[in-house]
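As stored in query_9.pdb (PDB, C-alpha atoms and all ligand atoms):
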ATOM      1  CA  SER A   1    -174.196-137.076 -40.545  1.00  0.00           C
ATOM      2  CA  GLN A   2    -172.921-135.385 -43.662  1.00  0.00           C
ATOM      3  CA  ASP A   3    -174.501-132.566 -45.624  1.00  0.00           C
ATOM      4  CA  HIS A   4    -175.905-133.760 -48.878  1.00  0.00           C
ATOM      5  CA  HIS A   5    -178.063-132.852 -51.832  1.00  0.00           C
ATOM      6  CA  PRO A   6    -181.759-132.357 -50.950  1.00  0.00           C
ATOM      7  CA  ASP A   7    -182.797-134.993 -53.517  1.00  0.00           C
ATOM      8  CA  VAL A   8    -180.554-137.564 -51.858  1.00  0.00           C
ATOM      9  CA  GLN A   9    -182.211-139.641 -49.154  1.00  0.00           C
ATOM     10  CA  SER A  10    -179.032-141.175 -47.751  1.00  0.00           C
ATOM     11  CA  ILE A  11    -175.374-141.531 -48.534  1.00  0.00           C
ATOM     12  CA  LEU A  12    -174.493-145.080 -49.541  1.00  0.00           C
ATOM     13  CA  LEU A  13    -170.752-144.560 -50.067  1.00  0.00           C
ATOM     14  CA  THR A  14    -168.766-141.560 -48.873  1.00  0.00           C
ATOM     15  CA  GLU A  15    -165.943-139.920 -50.792  1.00  0.00           C
ATOM     16  CA  GLN A  16    -163.487-141.589 -48.450  1.00  0.00           C
ATOM     17  CA  GLN A  17    -165.005-145.057 -48.844  1.00  0.00           C
ATOM     18  CA  ILE A  18    -164.882-144.673 -52.615  1.00  0.00           C
ATOM     19  CA  ALA A  19    -161.303-143.402 -52.585  1.00  0.00           C
ATOM     20  CA  ASP A  20    -160.118-146.245 -50.338  1.00  0.00           C
ATOM     21  CA  ARG A  21    -161.726-148.929 -52.482  1.00  0.00           C
ATOM     22  CA  VAL A  22    -160.521-147.354 -55.732  1.00  0.00           C
ATOM     23  CA  ALA A  23    -156.971-147.385 -54.366  1.00  0.00           C
ATOM     24  CA  GLU A  24    -157.333-151.105 -53.578  1.00  0.00           C
ATOM     25  CA  LEU A  25    -158.690-151.814 -57.048  1.00  0.00           C
ATOM     26  CA  GLY A  26    -155.766-149.895 -58.549  1.00  0.00           C
ATOM     27  CA  ARG A  27    -153.296-152.058 -56.661  1.00  0.00           C
ATOM     28  CA  GLU A  28    -155.087-155.275 -57.690  1.00  0.00           C
ATOM     29  CA  ILE A  29    -155.124-154.188 -61.329  1.00  0.00           C
ATOM     30  CA  ALA A  30    -151.460-153.176 -61.291  1.00  0.00           C
ATOM     31  CA  GLU A  31    -150.553-156.603 -59.946  1.00  0.00           C
ATOM     32  CA  ALA A  32    -152.749-158.480 -62.408  1.00  0.00           C
ATOM     33  CA  TYR A  33    -151.413-156.573 -65.407  1.00  0.00           C
ATOM     34  CA  GLN A  34    -147.789-156.015 -64.455  1.00  0.00           C
ATOM     35  CA  ASP A  35    -146.465-158.046 -67.409  1.00  0.00           C
ATOM     36  CA  GLU A  36    -148.592-156.240 -69.967  1.00  0.00           C
ATOM     37  CA  PRO A  37    -150.456-153.053 -69.041  1.00  0.00           C
ATOM     38  CA  PRO A  38    -154.037-152.797 -70.259  1.00  0.00           C
ATOM     39  CA  LEU A  39    -155.901-150.305 -72.345  1.00  0.00           C
ATOM     40  CA  LEU A  40    -158.551-148.890 -70.018  1.00  0.00           C
ATOM     41  CA  VAL A  41    -161.839-148.482 -71.865  1.00  0.00           C
ATOM     42  CA  GLY A  42    -164.198-146.142 -70.066  1.00  0.00           C
ATOM     43  CA  VAL A  43    -167.893-146.215 -70.909  1.00  0.00           C
ATOM     44  CA  LEU A  44    -169.213-142.669 -71.214  1.00  0.00           C
ATOM     45  CA  LYS A  45    -170.570-140.880 -69.423  1.00  0.00           C
ATOM     46  CA  GLY A  46    -171.028-142.638 -66.097  1.00  0.00           C
ATOM     47  CA  ALA A  47    -167.511-144.055 -65.894  1.00  0.00           C
ATOM     48  CA  VAL A  48    -165.715-140.717 -66.202  1.00  0.00           C
ATOM     49  CA  MET A  49    -165.086-140.319 -62.464  1.00  0.00           C
ATOM     50  CA  ILE A  50    -164.040-143.906 -61.791  1.00  0.00           C
ATOM     51  CA  VAL A  51    -161.696-143.988 -64.786  1.00  0.00           C
ATOM     52  CA  ALA A  52    -160.075-140.692 -63.812  1.00  0.00           C
ATOM     53  CA  ASP A  53    -159.536-141.749 -60.205  1.00  0.00           C
ATOM     54  CA  LEU A  54    -158.669-145.398 -60.877  1.00  0.00           C
ATOM     55  CA  ALA A  55    -156.121-144.581 -63.589  1.00  0.00           C
ATOM     56  CA  ARG A  56    -154.146-142.526 -61.059  1.00  0.00           C
ATOM     57  CA  ARG A  57    -154.051-145.529 -58.720  1.00  0.00           C
ATOM     58  CA  ILE A  58    -152.661-148.000 -61.265  1.00  0.00           C
ATOM     59  CA  ASP A  59    -148.901-147.783 -61.126  1.00  0.00           C
ATOM     60  CA  LEU A  60    -148.341-148.981 -64.695  1.00  0.00           C
ATOM     61  CA  PRO A  61    -147.990-147.223 -68.069  1.00  0.00           C
ATOM     62  CA  ILE A  62    -151.636-147.706 -69.020  1.00  0.00           C
ATOM     63  CA  ASP A  63    -153.464-145.829 -71.724  1.00  0.00           C
ATOM     64  CA  MET A  64    -157.124-144.890 -71.902  1.00  0.00           C
ATOM     65  CA  ASP A  65    -159.837-144.786 -74.476  1.00  0.00           C
ATOM     66  CA  TRP A  66    -163.581-144.171 -74.377  1.00  0.00           C
ATOM     67  CA  MET A  67    -166.766-145.538 -75.840  1.00  0.00           C
ATOM     68  CA  ALA A  68    -170.223-144.057 -75.726  1.00  0.00           C
ATOM     69  CA  VAL A  69    -173.122-146.400 -76.262  1.00  0.00           C
ATOM     70  CA  SER A  70    -176.866-146.002 -76.179  1.00  0.00           C
ATOM     71  CA  SER A  71    -179.629-148.515 -75.677  1.00  0.00           C
ATOM     72  CA  TYR A  72    -182.616-148.449 -77.961  1.00  0.00           C
ATOM     73  CA  GLY A  73    -186.046-148.807 -76.438  1.00  0.00           C
ATOM     74  CA  SER A  74    -188.608-146.762 -74.651  1.00  0.00           C
ATOM     75  CA  GLY A  75    -188.224-147.551 -70.974  1.00  0.00           C
ATOM     76  CA  THR A  76    -185.692-146.398 -68.440  1.00  0.00           C
ATOM     77  CA  LYS A  77    -184.103-149.852 -68.491  1.00  0.00           C
ATOM     78  CA  SER A  78    -181.645-150.799 -71.185  1.00  0.00           C
ATOM     79  CA  SER A  79    -183.121-153.109 -73.809  1.00  0.00           C
ATOM     80  CA  GLY A  80    -179.851-154.857 -74.546  1.00  0.00           C
ATOM     81  CA  VAL A  81    -179.953-153.542 -78.101  1.00  0.00           C
ATOM     82  CA  VAL A  82    -177.106-151.114 -78.185  1.00  0.00           C
ATOM     83  CA  ARG A  83    -175.840-148.532 -80.640  1.00  0.00           C
ATOM     84  CA  ILE A  84    -172.348-147.035 -80.716  1.00  0.00           C
ATOM     85  CA  ILE A  85    -172.419-143.247 -80.304  1.00  0.00           C
ATOM     86  CA  LYS A  86    -168.648-142.907 -80.063  1.00  0.00           C
ATOM     87  CA  ASP A  87    -166.296-145.724 -80.895  1.00  0.00           C
ATOM     88  CA  LEU A  88    -162.766-146.356 -79.665  1.00  0.00           C
ATOM     89  CA  ASN A  89    -159.947-144.458 -81.319  1.00  0.00           C
ATOM     90  CA  ALA A  90    -157.573-147.323 -80.582  1.00  0.00           C
ATOM     91  CA  ASP A  91    -157.141-150.536 -82.537  1.00  0.00           C
ATOM     92  CA  ILE A  92    -157.427-153.215 -79.835  1.00  0.00           C
ATOM     93  CA  THR A  93    -156.179-156.128 -81.938  1.00  0.00           C
ATOM     94  CA  GLY A  94    -153.839-158.133 -79.728  1.00  0.00           C
ATOM     95  CA  ARG A  95    -154.300-155.750 -76.808  1.00  0.00           C
ATOM     96  CA  ARG A  96    -155.313-156.487 -73.246  1.00  0.00           C
ATOM     97  CA  VAL A  97    -158.483-154.496 -72.665  1.00  0.00           C
ATOM     98  CA  LEU A  98    -159.974-153.572 -69.299  1.00  0.00           C
ATOM     99  CA  ILE A  99    -163.481-152.154 -69.571  1.00  0.00           C
ATOM    100  CA  VAL A 100    -164.226-149.775 -66.700  1.00  0.00           C
ATOM    101  CA  GLU A 101    -167.834-149.150 -65.689  1.00  0.00           C
ATOM    102  CA  ASP A 102    -169.473-147.180 -62.911  1.00  0.00           C
ATOM    103  CA  ILE A 103    -172.279-149.690 -62.404  1.00  0.00           C
ATOM    104  CA  ILE A 104    -173.647-152.977 -63.699  1.00  0.00           C
ATOM    105  CA  ASP A 105    -177.401-153.103 -63.242  1.00  0.00           C
ATOM    106  CA  SER A 106    -179.146-155.462 -65.686  1.00  0.00           C
ATOM    107  CA  GLY A 107    -175.782-156.200 -67.304  1.00  0.00           C
ATOM    108  CA  LEU A 108    -177.258-155.857 -70.774  1.00  0.00           C
ATOM    109  CA  THR A 109    -175.082-152.922 -71.850  1.00  0.00           C
ATOM    110  CA  LEU A 110    -171.929-154.682 -70.788  1.00  0.00           C
ATOM    111  CA  SER A 111    -172.871-158.053 -72.291  1.00  0.00           C
ATOM    112  CA  TRP A 112    -173.225-156.361 -75.636  1.00  0.00           C
ATOM    113  CA  LEU A 113    -170.036-154.352 -75.226  1.00  0.00           C
ATOM    114  CA  ILE A 114    -167.945-157.358 -74.248  1.00  0.00           C
ATOM    115  CA  ALA A 115    -169.133-159.274 -77.328  1.00  0.00           C
ATOM    116  CA  ASN A 116    -168.496-156.267 -79.536  1.00  0.00           C
ATOM    117  CA  LEU A 117    -164.938-155.744 -78.277  1.00  0.00           C
ATOM    118  CA  ARG A 118    -164.136-159.479 -78.336  1.00  0.00           C
ATOM    119  CA  SER A 119    -165.010-159.564 -82.046  1.00  0.00           C
ATOM    120  CA  ARG A 120    -162.117-157.141 -82.714  1.00  0.00           C
ATOM    121  CA  GLY A 121    -159.433-159.677 -81.815  1.00  0.00           C
ATOM    122  CA  PRO A 122    -158.061-158.367 -78.516  1.00  0.00           C
ATOM    123  CA  LYS A 123    -155.751-160.540 -76.433  1.00  0.00           C
ATOM    124  CA  SER A 124    -158.174-160.316 -73.503  1.00  0.00           C
ATOM    125  CA  VAL A 125    -161.238-158.390 -72.355  1.00  0.00           C
ATOM    126  CA  GLU A 126    -161.860-158.040 -68.642  1.00  0.00           C
ATOM    127  CA  ILE A 127    -164.213-155.958 -66.525  1.00  0.00           C
ATOM    128  CA  CYS A 128    -163.767-153.536 -63.665  1.00  0.00           C
ATOM    129  CA  THR A 129    -166.898-151.999 -62.182  1.00  0.00           C
ATOM    130  CA  LEU A 130    -167.200-149.756 -59.176  1.00  0.00           C
ATOM    131  CA  LEU A 131    -170.751-150.903 -58.351  1.00  0.00           C
ATOM    132  CA  ARG A 132    -172.771-154.007 -59.056  1.00  0.00           C
ATOM    133  CA  LYS A 133    -176.488-154.443 -58.423  1.00  0.00           C
ATOM    134  CA  PRO A 134    -178.170-157.766 -57.587  1.00  0.00           C
ATOM    135  CA  ASP A 135    -179.735-158.278 -61.043  1.00  0.00           C
ATOM    136  CA  ALA A 136    -176.262-158.318 -62.604  1.00  0.00           C
ATOM    137  CA  VAL A 137    -175.713-161.842 -61.329  1.00  0.00           C
ATOM    138  CA  LYS A 138    -178.534-163.085 -63.590  1.00  0.00           C
ATOM    139  CA  VAL A 139    -176.424-162.239 -66.628  1.00  0.00           C
ATOM    140  CA  ASP A 140    -173.357-164.304 -67.316  1.00  0.00           C
ATOM    141  CA  ILE A 141    -170.664-161.629 -67.041  1.00  0.00           C
ATOM    142  CA  ASP A 142    -167.350-162.482 -65.484  1.00  0.00           C
ATOM    143  CA  VAL A 143    -166.428-159.381 -63.447  1.00  0.00           C
ATOM    144  CA  ARG A 144    -162.771-159.574 -62.462  1.00  0.00           C
ATOM    145  CA  PHE A 145    -162.671-156.373 -60.383  1.00  0.00           C
ATOM    146  CA  CYS A 146    -165.722-155.153 -58.449  1.00  0.00           C
ATOM    147  CA  GLY A 147    -165.706-152.265 -56.012  1.00  0.00           C
ATOM    148  CA  PHE A 148    -168.969-152.787 -54.155  1.00  0.00           C
ATOM    149  CA  ASP A 149    -172.022-155.013 -54.390  1.00  0.00           C
ATOM    150  CA  ILE A 150    -174.909-152.705 -53.572  1.00  0.00           C
ATOM    151  CA  PRO A 151    -178.622-153.120 -52.888  1.00  0.00           C
ATOM    152  CA  ASN A 152    -181.250-152.565 -55.550  1.00  0.00           C
ATOM    153  CA  GLU A 153    -181.680-148.814 -54.966  1.00  0.00           C
ATOM    154  CA  PHE A 154    -181.553-145.925 -57.415  1.00  0.00           C
ATOM    155  CA  VAL A 155    -178.118-144.444 -56.807  1.00  0.00           C
ATOM    156  CA  VAL A 156    -176.583-141.229 -58.123  1.00  0.00           C
ATOM    157  CA  GLY A 157    -173.329-139.331 -57.838  1.00  0.00           C
ATOM    158  CA  TYR A 158    -169.687-139.966 -58.698  1.00  0.00           C
ATOM    159  CA  GLY A 159    -170.613-140.169 -62.391  1.00  0.00           C
ATOM    160  CA  LEU A 160    -174.040-141.764 -61.977  1.00  0.00           C
ATOM    161  CA  ASP A 161    -176.978-139.674 -63.132  1.00  0.00           C
ATOM    162  CA  HIS A 162    -180.704-139.426 -63.189  1.00  0.00           C
ATOM    163  CA  ALA A 163    -181.761-137.470 -66.303  1.00  0.00           C
ATOM    164  CA  GLU A 164    -178.166-136.142 -66.533  1.00  0.00           C
ATOM    165  CA  GLN A 165    -178.271-134.661 -63.035  1.00  0.00           C
ATOM    166  CA  TYR A 166    -176.198-135.479 -59.949  1.00  0.00           C
ATOM    167  CA  ARG A 167    -173.115-136.800 -61.795  1.00  0.00           C
ATOM    168  CA  ASN A 168    -170.849-134.339 -59.993  1.00  0.00           C
ATOM    169  CA  LEU A 169    -171.819-135.294 -56.455  1.00  0.00           C
ATOM    170  CA  PRO A 170    -168.596-136.505 -54.825  1.00  0.00           C
ATOM    171  CA  TYR A 171    -170.331-139.362 -52.976  1.00  0.00           C
ATOM    172  CA  ILE A 172    -172.798-142.065 -54.044  1.00  0.00           C
ATOM    173  CA  GLY A 173    -176.265-141.513 -52.641  1.00  0.00           C
ATOM    174  CA  VAL A 174    -179.700-143.078 -52.801  1.00  0.00           C
ATOM    175  CA  LEU A 175    -182.077-140.834 -54.725  1.00  0.00           C
ATOM    176  CA  LYS A 176    -185.341-139.905 -53.013  1.00  0.00           C
ATOM    177  CA  PRO A 177    -188.285-141.427 -54.876  1.00  0.00           C
ATOM    178  CA  SER A 178    -189.817-137.946 -55.067  1.00  0.00           C
ATOM    179  CA  ALA A 179    -186.882-136.890 -57.261  1.00  0.00           C
ATOM    180  CA  TYR A 180    -187.787-139.347 -60.002  1.00  0.00           C
ATOM    181  CA  THR A 181    -191.544-139.552 -59.840  1.00  0.00           C
ATOM    182  CA  ASP A 182    -192.168-135.880 -60.526  1.00  0.00           C
TER     183      ASP A 182
HETATM  184  C1  LIG B 201    -175.722-146.623 -67.050  1.00  0.00           C
HETATM  185  C2  LIG B 201    -174.460-147.044 -66.335  1.00  0.00           C
HETATM  186  C3  LIG B 201    -174.029-148.267 -67.081  1.00  0.00           C
HETATM  187  C4  LIG B 201    -175.349-148.880 -67.509  1.00  0.00           C
HETATM  188  C5  LIG B 201    -175.708-150.028 -66.606  1.00  0.00           C
HETATM  189  O1  LIG B 201    -175.369-145.920 -68.223  1.00  0.00           O
HETATM  190  O2  LIG B 201    -173.472-146.015 -66.422  1.00  0.00           O
HETATM  191  O3  LIG B 201    -173.279-147.916 -68.224  1.00  0.00           O
HETATM  192  O4  LIG B 201    -176.351-147.849 -67.368  1.00  0.00           O
HETATM  193  O5  LIG B 201    -176.989-150.524 -66.914  1.00  0.00           O
HETATM  194  P1  LIG B 201    -177.265-152.024 -67.367  1.00  0.00           P
HETATM  195  O6  LIG B 201    -176.324-152.944 -66.620  1.00  0.00           O
HETATM  196  O7  LIG B 201    -178.694-152.237 -66.979  1.00  0.00           O
HETATM  197  O8  LIG B 201    -177.062-152.111 -68.863  1.00  0.00           O
HETATM  198  P2  LIG B 201    -176.439-145.055 -69.022  1.00  0.00           P
HETATM  199  O9  LIG B 201    -176.976-145.881 -70.146  1.00  0.00           O
HETATM  200  O10 LIG B 201    -177.407-144.453 -68.067  1.00  0.00           O
HETATM  201  O11 LIG B 201    -175.556-143.909 -69.688  1.00  0.00           O
HETATM  202  P3  LIG B 201    -174.579-142.884 -68.899  1.00  0.00           P
HETATM  203  O12 LIG B 201    -173.365-143.671 -68.485  1.00  0.00           O
HETATM  204  O13 LIG B 201    -174.255-141.832 -69.913  1.00  0.00           O
HETATM  205  O14 LIG B 201    -175.352-142.350 -67.725  1.00  0.00           O
HETATM  206 MN    MN B 202    -173.051-145.731 -68.441  1.00  0.00          MN
HETATM  207 MG    MG B 203    -177.232-142.861 -67.032  1.00  0.00          MG
END

As structure tokens, please, write out the structure in this file.
Ligand code: PRP
Ligand code: MN
Ligand code: MG
Amino acid sequence: SQDHHPDVQSILLTEQQIADRVAELGREIAEAYQDEPPLLVGVLKGAVMIVADLARRIDLPIDMDWMAVSSYGSGTKSSGVVRIIKDLNADITGRRVLIVEDIIDSGLTLSWLIANLRSRGPKSVEICTLLRKPDAVKVDIDVRFCGFDIPNEFVVGYGLDHAEQYRNLPYIGVLKPSAYTD
């Protein structure tokens, strides 16, 4: 048993498990894109860790850009109505784009983002996500690269937050209910 944050009930994925899977994803991506390296598009803020680690495992001359988006609506769940907080610097016309996410939960953020980027005339738009929750399958998103399918638990760490906390935990853990009901 590993030491972990007092608000974390259990560790779902250790640093080592994440690192091993990210290395595999990097090799798969390098193979898939060997003829034409992609622009990696990281979705701030959650994807910061996965983009940083994955990029170092893709043995191709890739470049990176970032988008920040925000869902309107009152609840904790995304409404699917999304606003751009920070847009890409790059022009993606004719480019191969690989969106990198930390997690797909309802899939609403990503559905919107895919449509938005497709409208800019890229050569392709594909998805890499470290984590995917069960509800994501209800939305029609074609995920080419997925790290782990995980149960429907509230997870934090390795970029994932609750109220901006826990992003810097090096593992992915299940948050104790007491940490989000108070
Ligand atoms: C989280 C997560 C994904 C999105 C997934 O981001 O990083 O981007 O929610 O949810 P969905 O599939 O239900 O749309 P969040 O909006 O919390 O912003 P953050 O990345 O800054 O934490
Ligand atoms: Mn996010
Ligand atoms: Mg968040």

Q: Name the residues in contact with region 108-120 of chain A at a cut-off of 12 Å, using only C-alpha atoms, excluding same-chain residues fewer than 2 positions from it; report them as a ChimeraX atom specification.
A: /A:41-44,67-72,77-84,87-88,90-106,122-129,132,135-143

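For the pair CA of Ala52 (chain A) and CA of Lys176 (chain A), the separation is 27.5 Å.
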
Q. Residues picked by the PyMOL selection byres (((not hetatm)) within 8 of (chain B and resi 203)) here, as a ChimeraX atom specification?
A. /A:45-46,160-164

Q: Between CA of Leu39 (chain A) and CA of Leu54 (chain A), measure the distance and give it in Å to one decimal.
A: 12.8 Å

Q: Find the spatial neighbours of Ser10 (chain A), counting only C-alpha atoms, within a cut-off of 9 Å - ignore same-chain residues fewer than 4 positions away - and output them as a PyMOL selection string.
A: chain A and resi 4+172-176

Q: List the neighbours of Pro170 (chain A) out to 9 Å using all atoms listed in the file; skip same-chain residues closer than 5 positions along the sequence, and give me the result as a ChimeraX atom specification.
A: /A:14-15,157-159

Could the centre and edge lengths of an axis-aligned box, enclosing all atoms of ligand LIG 201 (chain B) in the file with 5 Å extra on each side, be given in Å to one decimal as JSON?
{"center_x": -176.0, "center_y": -147.4, "center_z": -68.2, "size_x": 15.4, "size_y": 21.1, "size_z": 13.8}

**Q.** Distance criterion (all atoms listed in the file): nearest to ligand MN 202 (chain B) out of A:Pro177, A:Cys146, A:Ile50, A:Pro151
**A.** A:Ile50

Q: Take the PyMOL selection byres (((chain A and resi 34) around 12) and not hetatm), apply it to the structure above, and return the hits as an MDAnalysis selection string.
A: chainID A and resid 26:33 35:38 58:62 96

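The shortest atom-to-atom distance to ligand MN 202 (chain B), with all atoms listed in the file taken into account, belongs to A:Ala47 out of A:Ala47, A:Asp20, A:Ile85, A:Asn168.
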
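Here the PyMOL selection byres (((chain A and resi 7) around 8) and not hetatm) catches exactly these residues: A:His5, A:Pro6, A:Val8, A:Gln9, A:Leu175, A:Lys176, A:Ser178, A:Ala179.
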
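Each of A:Arg56, A:Arg167, A:Lys133, A:Lys86 was compared to Leu40 (chain A) using all atoms listed in the file, and A:Arg56 turns out to be the nearest.
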
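What separates CA of Tyr166 (chain A) from CA of Glu24 (chain A) is a distance of 25.3 Å.
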
Q: Would you kindly return, as a PyMOL selection string, each protein, DNA or RNA residue with an atom no farther than 9 Å from any atom of Arg21 (chain A), considering only C-alpha atoms and excluding same-chain residues fewer than 5 positions away?
A: chain A and resi 16+26+130+147-148

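Restricting the calculation to only C-alpha atoms and all ligand atoms, the smallest distance between ligand MN 202 (chain B) and any of A:Arg144, A:Pro134, A:Val156, A:Gly121 is found for A:Val156.
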
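Shortest atom-to-atom contact with ligand LIG 201 (chain B) among A:Ala55, A:Leu131, A:Met64, A:Ala23: A:Leu131, counting all atoms listed in the file.
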
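Residue nearest ligand LIG 201 (chain B) within the list A:Ile150, A:Leu169, A:Val48, A:Ile18: A:Val48 [criterion: smallest interatomic distance, all atoms listed in the file].
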